[in-house]
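Colleague: Data: target35.cif, mmCIF, C-alpha atoms.
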```
data_target
loop_
_atom_site.group_PDB
_atom_site.id
_atom_site.type_symbol
_atom_site.label_atom_id
_atom_site.label_comp_id
_atom_site.auth_asym_id
_atom_site.auth_seq_id
_atom_site.Cartn_x
_atom_site.Cartn_y
_atom_site.Cartn_z
ATOM 1 C CA MET A 1 -28.415 -79.600 -31.339
ATOM 2 C CA LYS A 2 -26.500 -77.916 -28.540
ATOM 3 C CA LEU A 3 -26.290 -74.153 -29.014
ATOM 4 C CA PRO A 4 -23.152 -72.149 -28.229
ATOM 5 C CA PRO A 5 -23.236 -70.045 -25.019
ATOM 6 C CA LEU A 6 -25.581 -67.038 -24.985
ATOM 7 C CA THR A 7 -22.626 -64.759 -24.158
ATOM 8 C CA ALA A 8 -21.045 -65.537 -27.502
ATOM 9 C CA PHE A 9 -24.241 -64.580 -29.344
ATOM 10 C CA ARG A 10 -24.470 -61.339 -27.329
ATOM 11 C CA TYR A 11 -20.880 -60.366 -28.142
ATOM 12 C CA PHE A 12 -21.472 -61.198 -31.808
ATOM 13 C CA ASP A 13 -24.695 -59.164 -31.866
ATOM 14 C CA ILE A 14 -23.017 -56.022 -30.530
ATOM 15 C CA ALA A 15 -20.008 -56.489 -32.818
ATOM 16 C CA ALA A 16 -22.318 -56.894 -35.800
ATOM 17 C CA GLU A 17 -24.297 -53.778 -34.811
ATOM 18 C CA THR A 18 -21.197 -51.601 -34.356
ATOM 19 C CA GLU A 19 -19.082 -53.313 -37.055
ATOM 20 C CA SER A 20 -16.141 -52.978 -34.701
ATOM 21 C CA PHE A 21 -14.674 -55.162 -31.998
ATOM 22 C CA VAL A 22 -13.329 -52.023 -30.283
ATOM 23 C CA ARG A 23 -16.703 -50.226 -30.140
ATOM 24 C CA ALA A 24 -18.407 -53.453 -29.110
ATOM 25 C CA ALA A 25 -15.895 -53.803 -26.265
ATOM 26 C CA GLU A 26 -16.710 -50.256 -25.119
ATOM 27 C CA ARG A 27 -20.429 -51.064 -25.092
ATOM 28 C CA LEU A 28 -19.865 -54.293 -23.189
ATOM 29 C CA HIS A 29 -17.217 -52.848 -20.840
ATOM 30 C CA VAL A 30 -14.674 -55.529 -21.756
ATOM 31 C CA THR A 31 -11.483 -55.596 -23.829
ATOM 32 C CA HIS A 32 -11.641 -55.815 -27.602
ATOM 33 C CA GLY A 33 -9.650 -59.035 -27.296
ATOM 34 C CA ALA A 34 -12.483 -60.572 -25.259
ATOM 35 C CA VAL A 35 -14.970 -59.679 -27.979
ATOM 36 C CA SER A 36 -12.707 -61.113 -30.678
ATOM 37 C CA ARG A 37 -12.292 -64.363 -28.739
ATOM 38 C CA GLN A 38 -16.024 -64.820 -28.153
ATOM 39 C CA VAL A 39 -16.802 -64.225 -31.822
ATOM 40 C CA ARG A 40 -14.075 -66.645 -32.878
ATOM 41 C CA LEU A 41 -15.436 -69.291 -30.483
ATOM 42 C CA LEU A 42 -18.907 -68.800 -31.975
ATOM 43 C CA GLU A 43 -17.564 -69.167 -35.522
ATOM 44 C CA GLU A 44 -15.674 -72.319 -34.565
ATOM 45 C CA SER A 45 -18.712 -73.770 -32.837
ATOM 46 C CA LEU A 46 -20.940 -73.100 -35.861
ATOM 47 C CA GLY A 47 -18.265 -73.920 -38.420
ATOM 48 C CA ILE A 48 -19.149 -70.702 -40.281
ATOM 49 C CA GLU A 49 -17.248 -67.450 -40.879
ATOM 50 C CA LEU A 50 -19.394 -64.581 -39.619
ATOM 51 C CA PHE A 51 -16.978 -61.708 -40.328
ATOM 52 C CA GLU A 52 -14.430 -60.938 -42.986
ATOM 53 C CA ARG A 53 -11.353 -59.447 -41.378
ATOM 54 C CA ARG A 54 -9.473 -57.040 -43.640
ATOM 55 C CA ASN A 55 -6.847 -54.482 -42.603
ATOM 56 C CA ARG A 56 -7.951 -54.519 -38.936
ATOM 57 C CA ALA A 57 -11.552 -53.874 -40.028
ATOM 58 C CA ILE A 58 -14.439 -56.357 -39.889
ATOM 59 C CA PHE A 59 -17.319 -56.883 -42.301
ATOM 60 C CA LEU A 60 -20.308 -59.183 -41.909
ATOM 61 C CA THR A 61 -20.460 -62.136 -44.267
ATOM 62 C CA ALA A 62 -23.800 -63.198 -45.753
ATOM 63 C CA ALA A 63 -24.086 -65.792 -42.999
ATOM 64 C CA GLY A 64 -23.219 -63.115 -40.416
ATOM 65 C CA ARG A 65 -25.985 -60.827 -41.717
ATOM 66 C CA THR A 66 -28.505 -63.664 -41.529
ATOM 67 C CA LEU A 67 -27.502 -64.538 -37.986
ATOM 68 C CA HIS A 68 -27.509 -60.876 -36.914
ATOM 69 C CA SER A 69 -31.084 -60.362 -38.102
ATOM 70 C CA THR A 70 -32.075 -63.180 -35.736
ATOM 71 C CA THR A 71 -29.912 -62.197 -32.728
ATOM 72 C CA GLN A 72 -31.012 -58.573 -33.006
ATOM 73 C CA SER A 73 -34.679 -59.612 -32.851
ATOM 74 C CA ILE A 74 -34.078 -62.056 -29.991
ATOM 75 C CA PHE A 75 -32.186 -59.579 -27.798
ATOM 76 C CA GLU A 76 -34.721 -56.805 -28.475
ATOM 77 C CA GLN A 77 -37.517 -59.162 -27.379
ATOM 78 C CA LEU A 78 -35.519 -60.223 -24.326
ATOM 79 C CA GLU A 79 -34.825 -56.622 -23.278
ATOM 80 C CA GLY A 80 -38.484 -55.713 -23.805
ATOM 81 C CA THR A 81 -39.663 -58.626 -21.685
ATOM 82 C CA VAL A 82 -37.245 -57.791 -18.866
ATOM 83 C CA GLN A 83 -38.334 -54.144 -18.938
ATOM 84 C CA ARG A 84 -42.015 -55.142 -18.752
ATOM 85 C CA LEU A 85 -41.329 -57.485 -15.853
ATOM 86 C CA GLN A 86 -39.424 -54.777 -13.969
ATOM 87 C CA THR A 87 -42.191 -52.255 -14.664
ATOM 88 C CA GLN A 88 -44.807 -54.681 -13.378
ATOM 89 C CA GLU A 89 -42.716 -55.227 -10.236
ATOM 90 C CA ARG A 90 -42.418 -51.456 -9.688
ATOM 91 C CA ASP A 91 -46.158 -51.093 -10.272
ATOM 92 C CA ASN A 92 -46.697 -53.197 -7.149
ATOM 93 C CA VAL A 93 -44.616 -50.807 -5.010
ATOM 94 C CA LEU A 94 -46.190 -47.607 -3.683
ATOM 95 C CA VAL A 95 -43.736 -45.094 -2.216
ATOM 96 C CA LEU A 96 -45.475 -42.775 0.258
ATOM 97 C CA SER A 97 -43.928 -39.715 1.885
ATOM 98 C CA CYS A 98 -45.708 -38.953 5.152
ATOM 99 C CA GLU A 99 -45.278 -36.399 7.928
ATOM 100 C CA PRO A 100 -43.468 -38.129 10.807
ATOM 101 C CA THR A 101 -46.079 -37.596 13.534
ATOM 102 C CA ILE A 102 -49.033 -38.943 11.582
ATOM 103 C CA ALA A 103 -46.851 -41.752 10.212
ATOM 104 C CA MET A 104 -45.794 -42.945 13.667
ATOM 105 C CA ARG A 105 -48.920 -42.271 15.665
ATOM 106 C CA TRP A 106 -51.677 -43.043 13.160
ATOM 107 C CA LEU A 107 -50.638 -44.592 9.841
ATOM 108 C CA ILE A 108 -48.172 -47.330 10.856
ATOM 109 C CA PRO A 109 -50.532 -48.946 13.421
ATOM 110 C CA ARG A 110 -53.139 -49.232 10.638
ATOM 111 C CA LEU A 111 -50.890 -50.574 7.883
ATOM 112 C CA PRO A 112 -51.713 -54.232 8.690
ATOM 113 C CA ARG A 113 -55.269 -53.442 7.579
ATOM 114 C CA PHE A 114 -53.984 -51.891 4.372
ATOM 115 C CA HIS A 115 -51.836 -54.932 3.593
ATOM 116 C CA ALA A 116 -54.756 -57.247 4.349
ATOM 117 C CA THR A 117 -56.986 -55.280 1.976
ATOM 118 C CA HIS A 118 -54.342 -54.886 -0.744
ATOM 119 C CA PRO A 119 -51.958 -57.853 -0.417
ATOM 120 C CA ASP A 120 -50.569 -57.290 -3.924
ATOM 121 C CA LEU A 121 -49.206 -53.820 -3.058
ATOM 122 C CA GLN A 122 -45.972 -53.122 -1.213
ATOM 123 C CA LEU A 123 -45.988 -49.823 0.671
ATOM 124 C CA HIS A 124 -42.622 -48.125 1.156
ATOM 125 C CA LEU A 125 -42.954 -45.377 3.764
ATOM 126 C CA VAL A 126 -40.689 -42.315 3.846
ATOM 127 C CA ALA A 127 -40.992 -39.963 6.842
ATOM 128 C CA ALA A 128 -40.800 -36.338 5.678
ATOM 129 C CA GLY A 129 -42.771 -33.115 5.792
ATOM 130 C CA GLY A 130 -43.154 -29.930 3.813
ATOM 131 C CA PRO A 131 -42.389 -29.408 0.103
ATOM 132 C CA LEU A 132 -41.212 -32.381 -1.934
ATOM 133 C CA ASP A 133 -39.490 -32.966 -5.277
ATOM 134 C CA PHE A 134 -41.364 -36.102 -6.352
ATOM 135 C CA ALA A 135 -39.015 -37.029 -9.194
ATOM 136 C CA ARG A 136 -35.839 -36.639 -7.148
ATOM 137 C CA ALA A 137 -37.284 -38.431 -4.117
ATOM 138 C CA GLY A 138 -38.791 -41.265 -6.166
ATOM 139 C CA VAL A 139 -42.130 -40.830 -4.366
ATOM 140 C CA ASP A 140 -45.609 -41.710 -5.687
ATOM 141 C CA LEU A 141 -47.745 -39.894 -3.101
ATOM 142 C CA ALA A 142 -47.225 -37.481 -0.221
ATOM 143 C CA LEU A 143 -49.508 -37.176 2.814
ATOM 144 C CA ARG A 144 -49.297 -33.605 4.089
ATOM 145 C CA ARG A 145 -51.132 -31.077 6.229
ATOM 146 C CA ASP A 146 -51.782 -27.879 4.271
ATOM 147 C CA ASP A 147 -49.587 -25.676 6.465
ATOM 148 C CA PHE A 148 -47.366 -24.732 3.507
ATOM 149 C CA HIS A 149 -47.807 -23.767 -0.142
ATOM 150 C CA TRP A 150 -47.133 -26.569 -2.597
ATOM 151 C CA ASP A 151 -46.686 -26.416 -6.347
ATOM 152 C CA ARG A 152 -50.174 -25.940 -7.776
ATOM 153 C CA GLN A 153 -49.251 -28.218 -10.670
ATOM 154 C CA LEU A 154 -49.436 -31.079 -8.176
ATOM 155 C CA HIS A 155 -52.714 -32.933 -7.902
ATOM 156 C CA SER A 156 -54.281 -32.690 -4.448
ATOM 157 C CA LEU A 157 -56.966 -34.804 -2.789
ATOM 158 C CA LYS A 158 -58.326 -33.640 0.560
ATOM 159 C CA ILE A 159 -58.329 -36.495 3.059
ATOM 160 C CA CYS A 160 -59.930 -34.908 6.123
ATOM 161 C CA ASP A 161 -59.993 -31.808 8.310
ATOM 162 C CA GLU A 162 -57.609 -31.456 11.223
ATOM 163 C CA TRP A 163 -59.200 -31.583 14.689
ATOM 164 C CA ILE A 164 -57.094 -30.471 17.649
ATOM 165 C CA GLY A 165 -57.476 -30.319 21.410
ATOM 166 C CA PRO A 166 -55.540 -30.684 24.678
ATOM 167 C CA VAL A 167 -54.785 -34.213 25.847
ATOM 168 C CA CYS A 168 -53.300 -35.517 29.094
ATOM 169 C CA GLN A 169 -53.309 -38.430 31.469
ATOM 170 C CA PRO A 170 -56.746 -38.966 33.067
ATOM 171 C CA ASN A 171 -55.635 -37.650 36.478
ATOM 172 C CA LEU A 172 -54.594 -34.246 35.074
ATOM 173 C CA GLY A 173 -57.729 -33.076 33.259
ATOM 174 C CA GLY A 174 -60.526 -30.696 34.211
ATOM 175 C CA SER A 175 -58.847 -27.301 34.250
ATOM 176 C CA LEU A 176 -55.997 -25.473 32.537
ATOM 177 C CA GLU A 177 -55.176 -23.394 35.606
ATOM 178 C CA GLY A 178 -51.858 -24.291 37.168
ATOM 179 C CA GLN A 179 -51.109 -26.933 34.530
ATOM 180 C CA ARG A 180 -47.916 -27.456 32.544
ATOM 181 C CA LEU A 181 -48.603 -26.817 28.849
ATOM 182 C CA LEU A 182 -46.433 -28.770 26.440
ATOM 183 C CA HIS A 183 -45.425 -26.899 23.283
ATOM 184 C CA SER A 184 -43.647 -28.055 20.108
ATOM 185 C CA ALA A 185 -41.415 -26.216 17.664
ATOM 186 C CA THR A 186 -43.018 -27.886 14.650
ATOM 187 C CA ARG A 187 -46.476 -26.537 15.609
ATOM 188 C CA PRO A 188 -45.581 -23.381 17.542
ATOM 189 C CA ASN A 189 -49.074 -21.841 17.303
ATOM 190 C CA ALA A 190 -51.034 -24.927 18.342
ATOM 191 C CA TRP A 191 -51.907 -23.699 21.831
ATOM 192 C CA SER A 192 -52.722 -20.122 20.815
ATOM 193 C CA THR A 193 -54.908 -21.405 17.957
ATOM 194 C CA TRP A 194 -56.884 -23.747 20.202
ATOM 195 C CA LEU A 195 -57.287 -21.155 22.975
ATOM 196 C CA ARG A 196 -58.649 -18.671 20.430
ATOM 197 C CA LEU A 197 -61.030 -21.187 18.884
ATOM 198 C CA ASP A 198 -62.311 -22.419 22.247
ATOM 199 C CA GLY A 199 -62.490 -18.977 23.840
ATOM 200 C CA ARG A 200 -60.404 -19.982 26.854
ATOM 201 C CA GLN A 201 -57.516 -18.396 28.659
ATOM 202 C CA ALA A 202 -54.570 -20.188 30.218
ATOM 203 C CA ARG A 203 -53.652 -18.556 33.525
ATOM 204 C CA GLU A 204 -50.859 -19.431 35.957
ATOM 205 C CA THR A 205 -49.569 -22.205 33.734
ATOM 206 C CA GLU A 206 -46.077 -23.536 33.317
ATOM 207 C CA ARG A 207 -44.463 -24.323 29.973
ATOM 208 C CA SER A 208 -42.254 -27.058 28.515
ATOM 209 C CA ASP A 209 -40.991 -27.077 24.938
ATOM 210 C CA PHE A 210 -40.234 -29.978 22.626
ATOM 211 C CA GLU A 211 -38.696 -30.075 19.172
ATOM 212 C CA HIS A 212 -41.389 -32.148 17.465
ATOM 213 C CA PHE A 213 -45.159 -32.432 17.722
ATOM 214 C CA TYR A 214 -45.011 -36.162 18.427
ATOM 215 C CA LEU A 215 -42.589 -35.563 21.316
ATOM 216 C CA SER A 216 -45.044 -33.239 23.040
ATOM 217 C CA ILE A 217 -47.802 -35.855 22.640
ATOM 218 C CA GLN A 218 -45.496 -38.534 24.032
ATOM 219 C CA ALA A 219 -44.712 -36.257 26.970
ATOM 220 C CA ALA A 220 -48.433 -35.914 27.668
ATOM 221 C CA SER A 221 -48.724 -39.715 27.624
ATOM 222 C CA ALA A 222 -45.938 -39.815 30.233
ATOM 223 C CA GLY A 223 -47.883 -37.483 32.510
ATOM 224 C CA LEU A 224 -45.737 -34.362 32.057
ATOM 225 C CA GLY A 225 -48.669 -32.071 31.304
ATOM 226 C CA LEU A 226 -51.189 -31.175 28.599
ATOM 227 C CA ALA A 227 -50.289 -31.149 24.913
ATOM 228 C CA ILE A 228 -52.276 -30.017 21.919
ATOM 229 C CA ALA A 229 -52.835 -33.100 19.785
ATOM 230 C CA SER A 230 -54.463 -34.056 16.540
ATOM 231 C CA ALA A 231 -57.522 -36.207 17.211
ATOM 232 C CA LEU A 232 -56.311 -38.717 14.628
ATOM 233 C CA MET A 233 -52.953 -39.107 16.319
ATOM 234 C CA VAL A 234 -54.304 -39.921 19.782
ATOM 235 C CA ARG A 235 -57.337 -42.000 18.850
ATOM 236 C CA ASP A 236 -55.695 -45.247 20.048
ATOM 237 C CA GLU A 237 -54.564 -43.752 23.391
ATOM 238 C CA LEU A 238 -58.039 -42.304 23.950
ATOM 239 C CA ASP A 239 -59.550 -45.745 23.321
ATOM 240 C CA SER A 240 -57.157 -47.424 25.744
ATOM 241 C CA GLY A 241 -57.670 -44.782 28.448
ATOM 242 C CA GLN A 242 -53.998 -43.812 28.442
ATOM 243 C CA LEU A 243 -55.002 -40.286 27.448
ATOM 244 C CA GLN A 244 -58.101 -38.168 27.773
ATOM 245 C CA ALA A 245 -59.260 -35.068 25.895
ATOM 246 C CA PRO A 246 -60.969 -33.067 28.683
ATOM 247 C CA PHE A 247 -62.106 -30.228 26.410
ATOM 248 C CA GLY A 248 -62.804 -32.181 23.227
ATOM 249 C CA PHE A 249 -61.517 -31.308 19.759
ATOM 250 C CA LEU A 250 -62.108 -28.421 17.360
ATOM 251 C CA ARG A 251 -61.396 -27.935 13.668
ATOM 252 C CA ASP A 252 -58.381 -25.654 13.390
ATOM 253 C CA GLY A 253 -58.949 -24.723 9.735
ATOM 254 C CA SER A 254 -56.212 -26.937 8.308
ATOM 255 C CA ALA A 255 -56.622 -30.278 6.553
ATOM 256 C CA TYR A 256 -54.703 -33.302 5.360
ATOM 257 C CA HIS A 257 -54.169 -33.859 1.658
ATOM 258 C CA LEU A 258 -52.675 -36.493 -0.596
ATOM 259 C CA LEU A 259 -50.378 -34.908 -3.166
ATOM 260 C CA SER A 260 -49.496 -36.598 -6.436
ATOM 261 C CA PRO A 261 -47.423 -35.482 -9.418
ATOM 262 C CA ARG A 262 -50.130 -36.803 -11.753
ATOM 263 C CA PRO A 263 -53.889 -37.425 -11.568
ATOM 264 C CA LEU A 264 -55.163 -40.439 -9.658
ATOM 265 C CA GLU A 265 -56.494 -43.002 -12.112
ATOM 266 C CA ALA A 266 -59.297 -45.399 -11.244
ATOM 267 C CA GLY A 267 -57.896 -48.715 -10.089
ATOM 268 C CA ASP A 268 -54.228 -47.700 -9.993
ATOM 269 C CA LYS A 269 -52.107 -48.057 -6.858
ATOM 270 C CA ARG A 270 -52.376 -44.359 -5.993
ATOM 271 C CA GLN A 271 -56.153 -44.364 -6.195
ATOM 272 C CA ARG A 272 -56.383 -47.575 -4.179
ATOM 273 C CA PHE A 273 -54.315 -46.095 -1.349
ATOM 274 C CA ALA A 274 -56.250 -42.820 -1.508
ATOM 275 C CA THR A 275 -59.584 -44.611 -1.156
ATOM 276 C CA TRP A 276 -58.289 -46.633 1.782
ATOM 277 C CA VAL A 277 -56.745 -43.714 3.677
ATOM 278 C CA VAL A 278 -59.868 -41.543 3.260
ATOM 279 C CA GLN A 279 -62.012 -44.351 4.662
ATOM 280 C CA GLU A 280 -59.622 -44.895 7.593
ATOM 281 C CA CYS A 281 -59.484 -41.187 8.496
ATOM 282 C CA HIS A 282 -63.249 -40.768 8.342
ATOM 283 C CA SER A 283 -63.759 -43.940 10.360
ATOM 284 C CA CYS A 284 -61.425 -42.632 13.092
ATOM 285 C CA LEU A 285 -63.111 -39.236 13.257
ATOM 286 C CA ALA A 286 -66.552 -40.856 13.286
ATOM 287 C CA HIS A 287 -65.452 -43.190 16.099
ATOM 288 C CA LEU A 288 -64.482 -40.124 18.140
ATOM 289 C CA GLY A 289 -67.898 -38.574 17.450
ATOM 290 C CA LEU A 290 -66.440 -35.677 15.469
ATOM 291 C CA ILE A 291 -68.187 -36.459 12.180
ATOM 292 C CA GLN A 292 -70.820 -38.846 10.872
ATOM 293 C CA ASN A 293 -69.218 -41.802 9.091
ATOM 294 C CA ASP A 294 -70.748 -40.765 5.766
ATOM 295 C CA GLU A 295 -70.201 -37.034 6.304
ATOM 296 C CA PRO A 296 -68.185 -35.439 3.494
ATOM 297 C CA GLU A 297 -65.102 -33.550 4.577
#
```
Could you take the file, read its structure, and then write that structure out as structure tokens?
Modeller:
Amino acid sequence: MKLPPLTAFRYFDIAAETESFVRAAERLHVTHGAVSRQVRLLEESLGIELFERRNRAIFLTAAGRTLHSTTQSIFEQLEGTVQRLQTQERDNVLVLSCEPTIAMRWLIPRLPRFHATHPDLQLHLVAAGGPLDFARAGVDLALRRDDFHWDRQLHSLKICDEWIGPVCQPNLGGSLEGQRLLHSATRPNAWSTWLRLDGRQARETERSDFEHFYLSIQAASAGLGLAIASALMVRDELDSGQLQAPFGFLRDGSAYHLLSPRPLEAGDKRQRFATWVVQECHSCLAHLGLIQNDEPE
């Protein structure tokens, strides 16, 4: 037996639920005439009257009530299945908000390893810093340095400590005297913090200013002077010899954290990313000789 089109059953189902072609049309965003025609086509195809039409009102016949009990169940099951499929698809997508400098200089170069380890997860990366409205931004996790106060209702996982130090091209290192120091507006106290921690003074130096932290690091890579950098963010350039850290790195008292609007659950996508990023950070710091690979942060 060839069934009538699914559209006709859908129009009938809504008309039967609302007991009105007009209200059904509003729900379906069509004209009431379109609903009436689809129902009439269904009745003609089945050879059965599904509604009594009296004084511009409609009433289900016994056959109509029987059919509606079936269509209602079918469409509820269909909607439930579609919702589950969409939820499963969203469960495979992890939306991460990450500070731009660490995203560009550290995270993105390592994402191939993440995808190789977790091929079932799709990572959507959003570059942003500071406070975040998770619900409005549609974000699952945020990777942030703790240089601001976040809502204490958020769940926080410390990833690693921040290590900073001056970096420059290999031919510029050895002394701060007479050097050009590269500053950034997004970390205005970076140089003063490092000088205090290391007990050094910067005499007879010149100064250049950049809007963002990553721009000052890029300027150091271009040979414009010395920039304060995060050890994580220059690990690759140190390995390649493009940059050197003539005075090493020191903990500056800040740290990186993963923020989440709800607790990390074992085995879920948030926990899987958290485990991976902690391992990657600790591996980088251990490679630079700043911590032991199994040293807790």
Colleague: Tell me which residues come within 12 Å of (-56.0, -38.0, -8.5), as a list of chain:residue names, counting all atoms listed in the file in the file's coordinates.
Modeller: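 Neighbouring residues, ordered by chain and number, come to A:Asp140, A:Leu141, A:Leu154, A:His155, A:Ser156, A:Leu157, A:Lys158, A:Ile159, A:His257, A:Leu258, A:Leu259, A:Ser260, A:Pro261, A:Arg262, A:Pro263, A:Leu264, A:Glu265, A:Ala266, A:Gly267, A:Asp268, A:Lys269, A:Arg270, A:Gln271, A:Arg272, A:Phe273, A:Ala274, A:Thr275.
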Colleague: I need the residue nearest A:Ala229 from this list: A:Pro131, A:Pro246, A:Gly165, A:Gly174. Use only C-alpha atoms for the distance.
Modeller: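 Checking each of A:Pro131, A:Pro246, A:Gly165, A:Gly174 against A:Ala229, counting only C-alpha atoms, the winner is A:Gly165.
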Colleague: Could you tell me which of A:His29, A:Trp191, A:Ala15, A:Val126 comes closest to A:Leu50 if we count all atoms listed in the file?
Modeller: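 Going through A:His29, A:Trp191, A:Ala15, A:Val126 one by one, the smallest distance to A:Leu50 is for A:Ala15.
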Colleague: For this structure, which residues satisfy the selection - the PyMOL selection byres ((chain A and resi 166) around 7) - when it is evaluated on the file as given? I want them as a PyMOL selection string.
Modeller: chain A and resi 165+167-168+226-229+245+247
Colleague: What does the PyMOL selection byres ((chain A and resi 45) around 12) select in this file, as a VMD selection string?
Modeller: chain A and resid 1 to 5 8 to 9 38 to 44 46 to 50
Colleague: What does the distance from atom CA of A:Phe12 to atom CA of A:Gly80 come to in Å, to one decimal?
Modeller: 19.6 Å
Colleague: What does the structure give for the distance between atom CA of A:Asn171 and atom CA of A:Leu215, in Å to one decimal?
Modeller: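 About the pair atom CA of A:Asn171 and atom CA of A:Leu215: they are 20.1 Å apart.
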Colleague: Counting all atoms listed in the file, select every polymer residue within 12 Å of (-43.0, -39.5, 1.3) as defined in the file's coordinates, and provide the selection as a PyMOL selection string.
Modeller: chain A and resi 94-100+102-103+123-144+258-260
Colleague: Please produce an output containing C-alpha atoms for each residue in the selection, written as a PDB file, keeping the file's coordinate frame.
Modeller:
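Resulting contents of selection38.pdb:
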```pdb
ATOM      1  CA  LEU A  94     -46.190 -47.607  -3.683  1.00  0.00           C
ATOM      2  CA  VAL A  95     -43.736 -45.094  -2.216  1.00  0.00           C
ATOM      3  CA  LEU A  96     -45.475 -42.775   0.258  1.00  0.00           C
ATOM      4  CA  SER A  97     -43.928 -39.715   1.885  1.00  0.00           C
ATOM      5  CA  CYS A  98     -45.708 -38.953   5.152  1.00  0.00           C
ATOM      6  CA  GLU A  99     -45.278 -36.399   7.928  1.00  0.00           C
ATOM      7  CA  PRO A 100     -43.468 -38.129  10.807  1.00  0.00           C
ATOM      8  CA  ILE A 102     -49.033 -38.943  11.582  1.00  0.00           C
ATOM      9  CA  ALA A 103     -46.851 -41.752  10.212  1.00  0.00           C
ATOM     10  CA  LEU A 123     -45.988 -49.823   0.671  1.00  0.00           C
ATOM     11  CA  HIS A 124     -42.622 -48.125   1.156  1.00  0.00           C
ATOM     12  CA  LEU A 125     -42.954 -45.377   3.764  1.00  0.00           C
ATOM     13  CA  VAL A 126     -40.689 -42.315   3.846  1.00  0.00           C
ATOM     14  CA  ALA A 127     -40.992 -39.963   6.842  1.00  0.00           C
ATOM     15  CA  ALA A 128     -40.800 -36.338   5.678  1.00  0.00           C
ATOM     16  CA  GLY A 129     -42.771 -33.115   5.792  1.00  0.00           C
ATOM     17  CA  GLY A 130     -43.154 -29.930   3.813  1.00  0.00           C
ATOM     18  CA  PRO A 131     -42.389 -29.408   0.103  1.00  0.00           C
ATOM     19  CA  LEU A 132     -41.212 -32.381  -1.934  1.00  0.00           C
ATOM     20  CA  ASP A 133     -39.490 -32.966  -5.277  1.00  0.00           C
ATOM     21  CA  PHE A 134     -41.364 -36.102  -6.352  1.00  0.00           C
ATOM     22  CA  ALA A 135     -39.015 -37.029  -9.194  1.00  0.00           C
ATOM     23  CA  ARG A 136     -35.839 -36.639  -7.148  1.00  0.00           C
ATOM     24  CA  ALA A 137     -37.284 -38.431  -4.117  1.00  0.00           C
ATOM     25  CA  GLY A 138     -38.791 -41.265  -6.166  1.00  0.00           C
ATOM     26  CA  VAL A 139     -42.130 -40.830  -4.366  1.00  0.00           C
ATOM     27  CA  ASP A 140     -45.609 -41.710  -5.687  1.00  0.00           C
ATOM     28  CA  LEU A 141     -47.745 -39.894  -3.101  1.00  0.00           C
ATOM     29  CA  ALA A 142     -47.225 -37.481  -0.221  1.00  0.00           C
ATOM     30  CA  LEU A 143     -49.508 -37.176   2.814  1.00  0.00           C
ATOM     31  CA  ARG A 144     -49.297 -33.605   4.089  1.00  0.00           C
ATOM     32  CA  LEU A 258     -52.675 -36.493  -0.596  1.00  0.00           C
ATOM     33  CA  LEU A 259     -50.378 -34.908  -3.166  1.00  0.00           C
ATOM     34  CA  SER A 260     -49.496 -36.598  -6.436  1.00  0.00           C
TER      35      SER A 260
END
```
Colleague: From the structure block, carefully write stretch 135-146 of chain A out with N, CA and C atoms; format it as a compact mmCIF listing (two decimals), in the first residue's frame.
Modeller:
```
# COMPACT_ATOMS: atom_id res chain seq x y z
N ALA A 135 27.07 31.40 28.63
CA ALA A 135 25.79 31.11 27.97
C ALA A 135 25.63 31.96 26.71
N ARG A 136 25.91 33.24 26.82
CA ARG A 136 25.74 34.13 25.67
C ARG A 136 26.74 33.82 24.56
N ALA A 137 27.96 33.45 24.93
CA ALA A 137 28.99 33.18 23.94
C ALA A 137 28.91 31.77 23.37
N GLY A 138 28.13 30.89 24.00
CA GLY A 138 28.03 29.52 23.54
C GLY A 138 29.34 28.75 23.67
N VAL A 139 30.06 29.00 24.77
CA VAL A 139 31.40 28.44 24.98
C VAL A 139 31.35 27.35 26.04
N ASP A 140 32.13 26.28 25.83
CA ASP A 140 32.21 25.18 26.79
C ASP A 140 33.30 25.41 27.83
N LEU A 141 34.47 25.88 27.38
CA LEU A 141 35.61 26.10 28.26
C LEU A 141 36.30 27.40 27.88
N ALA A 142 36.99 27.99 28.84
CA ALA A 142 37.80 29.18 28.57
C ALA A 142 39.19 28.98 29.16
N LEU A 143 40.22 29.22 28.37
CA LEU A 143 41.60 29.15 28.83
C LEU A 143 42.05 30.58 29.11
N ARG A 144 42.35 30.86 30.38
CA ARG A 144 42.66 32.21 30.80
C ARG A 144 43.84 32.23 31.77
N ARG A 145 44.59 33.36 31.73
CA ARG A 145 45.55 33.63 32.80
C ARG A 145 44.81 34.37 33.89
N ASP A 146 45.17 34.11 35.15
CA ASP A 146 44.40 34.66 36.28
C ASP A 146 44.82 36.10 36.61
```
